[in-house]
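Coordinates as given in work_28.cif (mmCIF, C-alpha atoms):
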data_entry
loop_
_atom_site.group_PDB
_atom_site.id
_atom_site.type_symbol
_atom_site.label_atom_id
_atom_site.label_comp_id
_atom_site.auth_asym_id
_atom_site.auth_seq_id
_atom_site.Cartn_x
_atom_site.Cartn_y
_atom_site.Cartn_z
ATOM 1 C CA MET A 1 -64.549 -34.404 39.870
ATOM 2 C CA THR A 2 -65.680 -33.905 36.391
ATOM 3 C CA LEU A 3 -64.014 -31.798 33.795
ATOM 4 C CA PRO A 4 -65.950 -29.521 31.585
ATOM 5 C CA HIS A 5 -66.491 -30.858 28.124
ATOM 6 C CA GLN A 6 -64.273 -29.138 25.575
ATOM 7 C CA SER A 7 -65.639 -28.662 22.135
ATOM 8 C CA THR A 8 -63.533 -29.528 19.125
ATOM 9 C CA PRO A 9 -62.614 -26.698 16.775
ATOM 10 C CA PRO A 10 -65.089 -26.178 13.982
ATOM 11 C CA ARG A 11 -64.255 -28.099 10.813
ATOM 12 C CA ALA A 12 -64.834 -27.016 7.263
ATOM 13 C CA PRO A 13 -66.955 -29.220 5.058
ATOM 14 C CA GLY A 14 -64.946 -32.257 4.003
ATOM 15 C CA GLY A 15 -63.284 -32.661 7.356
ATOM 16 C CA LYS A 16 -60.477 -30.080 6.935
ATOM 17 C CA LEU A 17 -59.505 -27.484 9.454
ATOM 18 C CA PRO A 18 -60.185 -23.886 8.364
ATOM 19 C CA GLU A 19 -57.186 -22.142 6.812
ATOM 20 C CA ASP A 20 -55.556 -19.474 8.903
ATOM 21 C CA HIS A 21 -54.847 -16.022 7.441
ATOM 22 C CA ARG A 22 -51.098 -16.588 6.906
ATOM 23 C CA HIS A 23 -51.651 -19.786 4.874
ATOM 24 C CA MET A 24 -54.367 -18.105 2.806
ATOM 25 C CA ILE A 25 -52.026 -15.202 1.887
ATOM 26 C CA ARG A 26 -49.199 -17.623 0.963
ATOM 27 C CA ARG A 27 -51.549 -19.751 -1.196
ATOM 28 C CA ARG A 28 -52.866 -16.677 -3.034
ATOM 29 C CA TRP A 29 -49.324 -15.385 -3.721
ATOM 30 C CA LEU A 30 -48.266 -18.781 -5.019
ATOM 31 C CA THR A 31 -51.329 -18.917 -7.277
ATOM 32 C CA ALA A 32 -50.630 -15.388 -8.584
ATOM 33 C CA VAL A 33 -46.973 -16.225 -9.326
ATOM 34 C CA ILE A 34 -47.951 -19.400 -11.201
ATOM 35 C CA ILE A 35 -50.523 -17.502 -13.286
ATOM 36 C CA VAL A 36 -48.017 -14.754 -14.120
ATOM 37 C CA LEU A 37 -45.452 -17.365 -15.196
ATOM 38 C CA LEU A 38 -47.969 -19.346 -17.248
ATOM 39 C CA VAL A 39 -49.136 -16.215 -19.071
ATOM 40 C CA GLY A 40 -46.020 -14.031 -18.986
ATOM 41 C CA ILE A 41 -43.451 -16.439 -20.394
ATOM 42 C CA PRO A 42 -45.428 -17.339 -23.555
ATOM 43 C CA ALA A 43 -46.439 -13.684 -24.027
ATOM 44 C CA GLY A 44 -42.804 -12.577 -23.739
ATOM 45 C CA TYR A 45 -41.768 -15.246 -26.217
ATOM 46 C CA LEU A 46 -44.418 -14.049 -28.673
ATOM 47 C CA VAL A 47 -43.264 -10.434 -28.377
ATOM 48 C CA ILE A 48 -39.609 -11.366 -28.971
ATOM 49 C CA SER A 49 -40.514 -13.698 -31.852
ATOM 50 C CA ALA A 50 -42.699 -11.055 -33.498
ATOM 51 C CA GLY A 51 -39.880 -8.509 -33.275
ATOM 52 C CA GLN A 52 -37.390 -10.902 -34.861
ATOM 53 C CA SER A 53 -39.851 -11.820 -37.614
ATOM 54 C CA ARG A 54 -40.548 -8.159 -38.349
ATOM 55 C CA ASP A 55 -36.810 -7.394 -38.540
ATOM 56 C CA SER A 56 -36.248 -10.356 -40.854
ATOM 57 C CA GLY A 57 -39.083 -9.192 -43.100
ATOM 58 C CA ARG A 58 -37.597 -5.699 -43.262
ATOM 59 C CA ASP A 59 -34.192 -7.110 -44.227
ATOM 60 C CA LYS A 60 -35.745 -9.204 -46.993
ATOM 61 C CA GLU A 61 -37.827 -6.253 -48.188
ATOM 62 C CA ARG A 62 -34.738 -4.036 -48.287
ATOM 63 C CA GLU A 63 -32.815 -6.704 -50.197
ATOM 64 C CA SER A 64 -35.585 -7.358 -52.715
ATOM 65 C CA SER A 65 -36.195 -3.653 -53.344
ATOM 66 C CA ALA A 66 -32.542 -3.075 -54.204
ATOM 67 C CA ALA A 67 -31.991 -2.381 -57.869
ATOM 68 C CA GLY A 68 -28.746 -3.673 -59.257
ATOM 69 C CA LEU A 69 -25.776 -5.308 -57.646
ATOM 70 C CA GLN A 70 -25.289 -5.110 -53.898
ATOM 71 C CA ASP A 71 -21.716 -4.932 -52.626
ATOM 72 C CA ASN A 72 -21.967 -7.928 -50.359
ATOM 73 C CA TRP A 73 -21.714 -11.705 -50.351
ATOM 74 C CA PRO A 74 -24.921 -13.576 -51.149
ATOM 75 C CA SER A 75 -26.089 -15.737 -48.266
ATOM 76 C CA LEU A 76 -24.717 -19.248 -48.024
ATOM 77 C CA MET A 77 -28.201 -20.559 -48.770
ATOM 78 C CA LYS A 78 -28.368 -18.590 -52.049
ATOM 79 C CA ARG A 79 -24.912 -19.779 -53.027
ATOM 80 C CA ARG A 80 -26.024 -23.366 -52.460
ATOM 81 C CA ILE A 81 -29.350 -23.028 -54.266
ATOM 82 C CA TYR A 82 -27.786 -21.379 -57.318
ATOM 83 C CA GLU A 83 -24.585 -23.455 -57.033
ATOM 84 C CA VAL A 84 -22.239 -20.469 -57.097
ATOM 85 C CA PRO A 85 -19.399 -21.433 -54.698
ATOM 86 C CA ILE A 86 -17.544 -18.135 -54.297
ATOM 87 C CA PRO A 87 -13.985 -18.949 -53.157
ATOM 88 C CA ALA A 88 -12.919 -17.853 -49.688
ATOM 89 C CA GLY A 89 -10.716 -14.798 -49.819
ATOM 90 C CA SER A 90 -12.436 -13.337 -52.880
ATOM 91 C CA TRP A 91 -12.917 -9.573 -52.955
ATOM 92 C CA GLY A 92 -15.055 -7.099 -54.827
ATOM 93 C CA VAL A 93 -17.984 -9.482 -54.306
ATOM 94 C CA ALA A 94 -21.399 -8.219 -55.374
ATOM 95 C CA TYR A 95 -24.670 -9.934 -56.220
ATOM 96 C CA TYR A 96 -28.237 -9.357 -57.337
ATOM 97 C CA GLU A 97 -31.168 -11.778 -57.338
ATOM 98 C CA THR A 98 -34.299 -11.677 -59.479
ATOM 99 C CA SER A 99 -37.299 -13.955 -59.163
ATOM 100 C CA ASN A 100 -40.614 -14.405 -60.877
ATOM 101 C CA TRP A 101 -43.051 -17.261 -61.274
ATOM 102 C CA LYS A 102 -41.041 -18.800 -64.117
ATOM 103 C CA THR A 103 -37.344 -18.342 -63.351
ATOM 104 C CA SER A 104 -34.985 -17.097 -60.662
ATOM 105 C CA ARG A 105 -31.528 -15.700 -61.358
ATOM 106 C CA LEU A 106 -28.528 -14.887 -59.221
ATOM 107 C CA TYR A 107 -26.006 -12.445 -60.666
ATOM 108 C CA VAL A 108 -22.605 -12.594 -58.964
ATOM 109 C CA GLN A 109 -19.262 -10.910 -59.595
ATOM 110 C CA PHE A 110 -16.022 -11.299 -57.689
ATOM 111 C CA THR A 111 -12.258 -11.154 -58.041
ATOM 112 C CA THR A 112 -10.139 -14.058 -56.873
ATOM 113 C CA THR A 113 -6.711 -15.576 -57.345
ATOM 114 C CA ALA A 114 -5.718 -17.996 -60.119
ATOM 115 C CA ALA A 115 -5.979 -20.882 -57.628
ATOM 116 C CA GLY A 116 -9.340 -19.520 -56.414
ATOM 117 C CA LEU A 117 -10.634 -19.523 -60.013
ATOM 118 C CA ASP A 118 -9.535 -23.135 -60.498
ATOM 119 C CA GLY A 119 -11.266 -24.144 -57.253
ATOM 120 C CA PHE A 120 -14.405 -22.214 -58.195
ATOM 121 C CA LEU A 121 -14.569 -23.840 -61.629
ATOM 122 C CA ALA A 122 -14.023 -27.330 -60.150
ATOM 123 C CA GLU A 123 -16.760 -26.825 -57.526
ATOM 124 C CA SER A 124 -19.065 -25.484 -60.251
ATOM 125 C CA GLY A 125 -18.597 -28.675 -62.259
ATOM 126 C CA THR A 126 -16.236 -27.414 -64.951
ATOM 127 C CA SER A 127 -12.578 -26.524 -65.439
ATOM 128 C CA ARG A 128 -10.309 -23.878 -66.903
ATOM 129 C CA ALA A 129 -10.055 -25.985 -70.090
ATOM 130 C CA ALA A 130 -13.784 -25.390 -70.691
ATOM 131 C CA LEU A 131 -13.309 -21.595 -70.762
ATOM 132 C CA ALA A 132 -13.457 -20.633 -74.441
ATOM 133 C CA PRO A 133 -11.157 -17.665 -75.190
ATOM 134 C CA GLY A 134 -12.987 -14.586 -76.460
ATOM 135 C CA ARG A 135 -16.387 -16.023 -75.511
ATOM 136 C CA ILE A 136 -18.826 -13.951 -73.438
ATOM 137 C CA THR A 137 -21.565 -16.265 -72.208
ATOM 138 C CA VAL A 138 -23.529 -13.685 -70.205
ATOM 139 C CA GLY A 139 -26.271 -12.405 -72.504
ATOM 140 C CA ASP A 140 -26.904 -8.736 -73.243
ATOM 141 C CA ARG A 141 -30.171 -8.747 -71.268
ATOM 142 C CA ASP A 142 -28.484 -10.192 -68.171
ATOM 143 C CA ALA A 143 -25.523 -7.811 -68.545
ATOM 144 C CA ASP A 144 -27.951 -4.854 -68.658
ATOM 145 C CA ILE A 145 -29.800 -6.065 -65.552
ATOM 146 C CA ALA A 146 -26.550 -6.455 -63.598
ATOM 147 C CA GLY A 147 -24.993 -3.300 -65.028
ATOM 148 C CA TRP A 148 -22.060 -5.169 -66.551
ATOM 149 C CA SER A 149 -20.203 -3.985 -69.635
ATOM 150 C CA PHE A 150 -18.030 -6.482 -71.491
ATOM 151 C CA VAL A 151 -15.881 -4.103 -73.484
ATOM 152 C CA ASP A 152 -13.401 -4.956 -76.228
ATOM 153 C CA GLY A 153 -9.727 -5.047 -75.405
ATOM 154 C CA MET A 154 -10.095 -7.338 -72.382
ATOM 155 C CA ASN A 155 -9.061 -10.993 -72.260
ATOM 156 C CA TRP A 156 -12.517 -12.603 -71.913
ATOM 157 C CA ALA A 157 -13.194 -16.332 -71.630
ATOM 158 C CA GLY A 158 -16.478 -18.064 -70.940
ATOM 159 C CA THR A 159 -18.407 -21.268 -70.545
ATOM 160 C CA THR A 160 -21.887 -22.418 -69.617
ATOM 161 C CA VAL A 161 -22.297 -25.031 -66.888
ATOM 162 C CA LYS A 162 -25.354 -27.130 -67.674
ATOM 163 C CA ARG A 163 -26.611 -29.414 -64.952
ATOM 164 C CA GLU A 164 -29.392 -31.969 -64.814
ATOM 165 C CA GLU A 165 -32.804 -30.400 -64.125
ATOM 166 C CA PRO A 166 -33.934 -28.966 -61.723
ATOM 167 C CA ARG A 167 -30.395 -27.809 -60.904
ATOM 168 C CA PRO A 168 -29.394 -24.364 -62.189
ATOM 169 C CA VAL A 169 -27.631 -23.471 -65.431
ATOM 170 C CA THR A 170 -24.721 -21.067 -64.897
ATOM 171 C CA ASP A 171 -23.228 -18.746 -67.507
ATOM 172 C CA LEU A 172 -19.660 -17.885 -66.546
ATOM 173 C CA THR A 173 -17.617 -15.102 -68.109
ATOM 174 C CA VAL A 174 -14.117 -14.459 -66.768
ATOM 175 C CA ASP A 175 -11.874 -11.468 -67.314
ATOM 176 C CA LEU A 176 -8.376 -12.960 -67.574
ATOM 177 C CA THR A 177 -6.659 -9.692 -68.468
ATOM 178 C CA GLU A 178 -4.772 -9.933 -65.165
ATOM 179 C CA PRO A 179 -4.188 -13.741 -64.985
ATOM 180 C CA ALA A 180 -3.153 -13.713 -61.323
ATOM 181 C CA PHE A 181 -6.413 -11.990 -60.310
ATOM 182 C CA PRO A 182 -9.277 -13.045 -62.611
ATOM 183 C CA ARG A 183 -12.641 -11.297 -62.353
ATOM 184 C CA VAL A 184 -15.620 -13.659 -62.533
ATOM 185 C CA TYR A 185 -19.121 -12.770 -63.762
ATOM 186 C CA ALA A 186 -21.725 -15.466 -63.190
ATOM 187 C CA VAL A 187 -25.433 -15.690 -63.929
ATOM 188 C CA SER A 188 -27.067 -18.754 -62.436
ATOM 189 C CA THR A 189 -30.614 -19.490 -63.585
ATOM 190 C CA THR A 190 -33.035 -21.919 -62.013
ATOM 191 C CA SER A 191 -36.655 -22.757 -62.689
ATOM 192 C CA PRO A 192 -38.787 -23.674 -59.682
#
Once more with this new file: its structure as structure tokens, please.
Amino acid sequence: MTLPHQSTPPRAPGGKLPEDHRHMIRRRWLTAVIIVLLVGIPAGYLVISAGQSRDSGRDKERESSAAGLQDNWPSLMKRRIYEVPIPAGSWGVAYYETSNWKTSRLYVQFTTTAAGLDGFLAESGTSRAALAPGRITVGDRDADIAGWSFVDGMNWAGTTVKREEPRPVTDLTVDLTEPAFPRVYAVSTTSP
């Protein structure tokens, strides 16, 4: 007896079996997920990055548009650039920064302890012995910009810390009327 000849299932070009409906749906979903991940992750990163950049720009704009001293600590980066190492634990800290194509200045004021002043002076490259009694080293122009008034009747002492170029020059004036809690006024100038 002879059996009828069975035909083989049709084959797609290239010798592969045709894909059934379930496999086709799974392949299309997998492709869609991969495309979403390849496009969505970088797009999400760009949106988050743009938001952070915009916020940072607004903060810098707000800071640069401020006129006069701001009651806050200057950033650590500014303190390093201008070499104004404000002692930890200082209070009444305020600063103002000006910049143009020729010079940049950081105006800083703070109150500290006697030990804090000694540490500040040492880190600045000077000492208490360099403070000349009765000397106000901050110029009138800088005092006007910062809104400082160095009135008579106070126990002023000052010095200028000169460093090798391109490092900043710092004018320091200290109110030693209350020796346990000196008030420091510093103007650090650098030329780019």
Do you know which residues are at most 9 Å from Lys102 of chain A counting all atoms listed in the file, after dropping those on the same chain fewer than 4 positions away, and could you put them as a ChimeraX atom specification? /A:190-192
Residue IDs satisfying the PyMOL selection byres ((chain A and resi 148-155) around 8), as a ChimeraX atom specification: /A:133-134,136,143-147,156-157,175-177
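Rounded to one decimal, atom CA of Asn72 of chain A and atom CA of Glu164 of chain A lie 29.0 Å from each other.
The shortest atom-to-atom distance to Glu97 of chain A, with only C-alpha atoms taken into account, belongs to A:Leu69 out of A:Ala114, A:Met77, A:Leu69, A:Met24.
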Record the distance separating atom CA of Gly125 of chain A and atom CA of Tyr185 of chain A, expressed in Å with one decimal.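 Value for the atom CA of Gly125 of chain A-atom CA of Tyr185 of chain A distance: 16.0 Å.
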Expressed in Å to a single decimal, how great is the separation between atom CA of Ser127 of chain A and atom CA of Val161 of chain A? 9.9 Å
